[in-house]
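Take a look at the structure below.
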Amino acid sequence: MGIMRHTFGELRRSAFVNCFPQLFETMMKRKRAATETMQRTRCSWCTKDTLYETYHDSEWGKKETSGRKLFESVCLEGHQSGLSWLTILKRREKYRLAFHGFDAEKMTKLNAEDLMDTCGLINHKGKIQSSINNAKALVKHFGKGRDGEKKFSAFLWSFAKRKEERRARRANDVCETKTKESEAMSKALKAKGFSFVGATTMHALMQSAGMVDDHDAGCFLHASRTAPAKERAKSTSTMSAMERRNAKIAEQKRFKMEKLKAWNASRSKSSK
C-alpha cells in the first residue's frame, strides 16, 4: 500500500511538471532560495529573526544616498539609543506613519504630546521631541523639499572616507563603536541643532548607510565574497601572511558551519 501511494505521488508530480513546467521551475527556484537563505552565515549581531535577517540581507551596509532615508536613519538611530535595533525595526512602519514618512517639512508641525501613548512609538517624549527638532534643524540649514534632502545627504556623505580609502573588515579586526569620522559628523550635526546624534549613534548610521563596510569576515555579504573576482584577488594579494591565514581559517569555519546546518536540516526532514 505504501509503495502504491509512493508511486501515485510520483505520477502526480510528473503530471504536474509536464503540464506546468514554468510554474514548477519557479516553485523550485523559490524553494532553493529559501533553503539558501536559511543556511547563510550572517554578521554575529543578526539574530535568527526573519525581519532582522531580511534587514541585514537587503538594507544594512548598502549605499544609501536618499536624504529622506538618511534623515529617517538619523531619527530612528536616536530612538534606538539604549534599546535593541530589532525593537525599533518592528515599529518602523509606525514611526513612518506618525512622522509623515520622515518628511522634515511636515514633521516641523508635529507636537510631541500628541504622539505619546497613541501611535505605537517608544513612549519617550524626549526622543520624539528630538526628531521634531531635528526636522526643524534640517529645514533651517539645508532647505525644504528634495533640494534640502539632497543637500543633507551630501553633507552626511562628506564625512565618509573615499571609496578607495575604505576597506572591508578583516578577521582579526576589533569591532569599533565609533570613529574619528563619526565623531566629526556628530559634532557638526550638534552644532546645527540636532540631538541624539552622538558619535556611537552616528557610527551605527554610517554602518547601515554603507559609509563604512562592517560586515563580519565570515558573513556572506563580506566584500571578499561580493566584490568582482579582480578586486578579490587584489585585496587578497595585499594581505599579510597572518591576515591571509586568519581569513582562510574564517572561511574554513564558515564552510564547516554551512555543511553542518545543511546536514542538520536534512536529518530533521528525514526524521519527519
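By convention here, the chains of the C-alpha cells are called A, B, ... in the order presented, each chain's residues are numbered starting at 1, and ligands are numbered starting at 1 in the order presented.
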- Message: Can you pull out every residue from region 36-240 of chain A that DSSP, working from the backbone, puts in helix (DSSP H, G or I), and format the result as a PyMOL selection string?
- Response: chain A and resi 36-39+50-58+67-80+85-89+92-98+100-102+104-107+112-115+125-142+145-157+163-165+180-191+199-208+223-226+229-237
Quick one: which region 131-217 of chain A residues come within 10 Å of region 81-103 of chain A, and what is the nearest atom pair for each with the distance in Å to one decimal, counting only C-alpha atoms, rows ordered by chain and ascending number, as CSV?
```
residue,atom,partner,partner_atom,distance
A:Ser131,CA,A:Phe99,CA,8.8
A:Ile132,CA,A:Phe99,CA,8.6
A:Ala135,CA,A:Asp103,CA,8.1
A:Lys144,CA,A:Asp103,CA,9.3
A:Gly145,CA,A:Asp103,CA,8.0
A:Arg146,CA,A:Asp103,CA,9.6
A:Glu149,CA,A:Asp103,CA,9.3
A:Phe196,CA,A:Ser81,CA,8.0
A:Val197,CA,A:Ser81,CA,9.7
A:Gly198,CA,A:Ser81,CA,9.7
A:Thr200,CA,A:Ser81,CA,9.5
A:Thr201,CA,A:Ser81,CA,7.4
```
- Near-region 52-65 of chain A list (10 Å; only C-alpha atoms; drop same-chain fewer than 6 positions) as a PyMOL selection string: chain A and resi 37-38+40+42-43+45-46+85-86+89-90+149-150+152-154+156-157+205-215+220-222
Would you export the selected residues with N, CA, C and O atoms as a short mmCIF file (atom, residue, chain, number, x, y, z; two decimals), in the first residue's frame, please?
```cif
data_model
loop_
_atom_site.label_atom_id
_atom_site.label_comp_id
_atom_site.auth_asym_id
_atom_site.auth_seq_id
_atom_site.Cartn_x
_atom_site.Cartn_y
_atom_site.Cartn_z
N THR A 37 18.80 30.90 1.91
CA THR A 37 18.67 31.99 2.88
C THR A 37 18.82 31.47 4.31
O THR A 37 19.48 32.10 5.15
N MET A 38 18.21 30.31 4.58
CA MET A 38 18.28 29.73 5.93
C MET A 38 19.70 29.32 6.28
O MET A 38 20.10 29.35 7.44
N ARG A 40 22.57 30.69 5.17
CA ARG A 40 23.57 31.75 5.07
C ARG A 40 24.19 32.06 6.43
O ARG A 40 23.52 32.03 7.45
N ARG A 42 25.58 34.95 8.60
CA ARG A 42 25.45 36.41 8.64
C ARG A 42 26.33 36.99 9.74
O ARG A 42 27.00 36.27 10.47
N CYS A 43 26.30 38.32 9.85
CA CYS A 43 27.05 39.01 10.91
C CYS A 43 26.57 38.52 12.27
O CYS A 43 25.39 38.17 12.44
N TRP A 45 25.80 40.00 14.95
CA TRP A 45 24.74 40.77 15.62
C TRP A 45 23.35 40.41 15.10
O TRP A 45 22.35 40.74 15.74
N CYS A 46 23.29 39.75 13.96
CA CYS A 46 21.99 39.45 13.33
C CYS A 46 21.39 38.19 13.94
O CYS A 46 21.84 37.07 13.67
N TRP A 85 18.13 47.30 18.16
CA TRP A 85 17.65 47.80 16.87
C TRP A 85 16.41 47.05 16.42
O TRP A 85 15.54 47.60 15.75
N LEU A 86 16.31 45.79 16.80
CA LEU A 86 15.14 44.99 16.41
C LEU A 86 13.86 45.58 17.00
O LEU A 86 12.80 45.54 16.36
N LEU A 89 13.02 48.32 14.68
CA LEU A 89 12.69 47.77 13.37
C LEU A 89 11.24 47.27 13.32
O LEU A 89 10.54 47.45 12.32
N LYS A 90 10.80 46.68 14.41
CA LYS A 90 9.43 46.17 14.47
C LYS A 90 8.39 47.29 14.50
O LYS A 90 7.23 47.07 14.18
N GLU A 149 16.81 67.80 1.05
CA GLU A 149 17.19 66.41 1.33
C GLU A 149 18.49 66.04 0.62
O GLU A 149 19.34 65.35 1.17
N LYS A 150 18.65 66.52 -0.63
CA LYS A 150 19.88 66.26 -1.37
C LYS A 150 21.08 66.90 -0.69
O LYS A 150 22.16 66.30 -0.59
N PHE A 152 21.31 67.62 2.47
CA PHE A 152 21.53 66.89 3.73
C PHE A 152 22.31 65.61 3.46
O PHE A 152 23.24 65.27 4.21
N SER A 153 21.95 64.90 2.41
CA SER A 153 22.65 63.68 2.03
C SER A 153 24.12 63.96 1.71
O SER A 153 25.02 63.26 2.20
N ALA A 154 24.35 65.00 0.92
CA ALA A 154 25.73 65.37 0.55
C ALA A 154 26.54 65.75 1.79
O ALA A 154 27.73 65.42 1.90
N LEU A 156 26.10 64.61 4.95
CA LEU A 156 26.44 63.41 5.71
C LEU A 156 27.53 62.60 5.01
O LEU A 156 28.47 62.11 5.66
N TRP A 157 27.41 62.46 3.69
CA TRP A 157 28.40 61.67 2.96
C TRP A 157 29.77 62.35 2.91
O TRP A 157 30.78 61.70 2.64
N LEU A 205 24.79 54.70 12.12
CA LEU A 205 24.20 55.24 10.89
C LEU A 205 25.12 55.00 9.70
O LEU A 205 24.68 54.56 8.62
N MET A 206 26.41 55.28 9.88
CA MET A 206 27.37 55.12 8.80
C MET A 206 27.49 53.65 8.37
O MET A 206 27.67 53.35 7.18
N GLN A 207 27.37 52.75 9.33
CA GLN A 207 27.40 51.32 9.02
C GLN A 207 26.19 50.93 8.17
O GLN A 207 26.32 50.26 7.15
N SER A 208 25.02 51.34 8.61
CA SER A 208 23.79 50.95 7.92
C SER A 208 23.68 51.56 6.54
O SER A 208 23.13 50.97 5.62
N ALA A 209 24.23 52.79 6.36
CA ALA A 209 24.12 53.51 5.09
C ALA A 209 25.24 53.18 4.11
O ALA A 209 25.31 53.73 3.03
N GLY A 210 26.13 52.26 4.50
CA GLY A 210 27.21 51.86 3.60
C GLY A 210 28.37 52.82 3.53
O GLY A 210 29.20 52.75 2.62
N MET A 211 28.45 53.75 4.50
CA MET A 211 29.58 54.68 4.52
C MET A 211 30.85 53.99 5.00
O MET A 211 31.96 54.45 4.73
N VAL A 212 30.66 52.90 5.74
CA VAL A 212 31.76 52.01 6.12
C VAL A 212 31.31 50.59 5.81
O VAL A 212 30.11 50.31 5.79
N ASP A 213 32.26 49.70 5.53
CA ASP A 213 31.93 48.31 5.24
C ASP A 213 32.26 47.48 6.48
O ASP A 213 33.42 47.15 6.72
N ASP A 214 31.25 47.15 7.25
CA ASP A 214 31.49 46.50 8.53
C ASP A 214 30.88 45.10 8.64
O ASP A 214 30.63 44.62 9.74
N HIS A 215 30.62 44.44 7.53
CA HIS A 215 30.16 43.05 7.60
C HIS A 215 31.27 42.18 8.17
O HIS A 215 32.46 42.37 7.83
N PHE A 220 28.25 36.26 4.58
CA PHE A 220 28.15 36.01 3.15
C PHE A 220 28.13 37.30 2.33
O PHE A 220 28.33 37.28 1.12
N LEU A 221 27.90 38.46 2.99
CA LEU A 221 27.90 39.75 2.30
C LEU A 221 29.23 40.50 2.45
O LEU A 221 29.34 41.65 2.03
N HIS A 222 30.21 39.83 3.04
CA HIS A 222 31.53 40.46 3.17
C HIS A 222 32.09 40.74 1.79
O HIS A 222 31.85 39.99 0.84
#
```
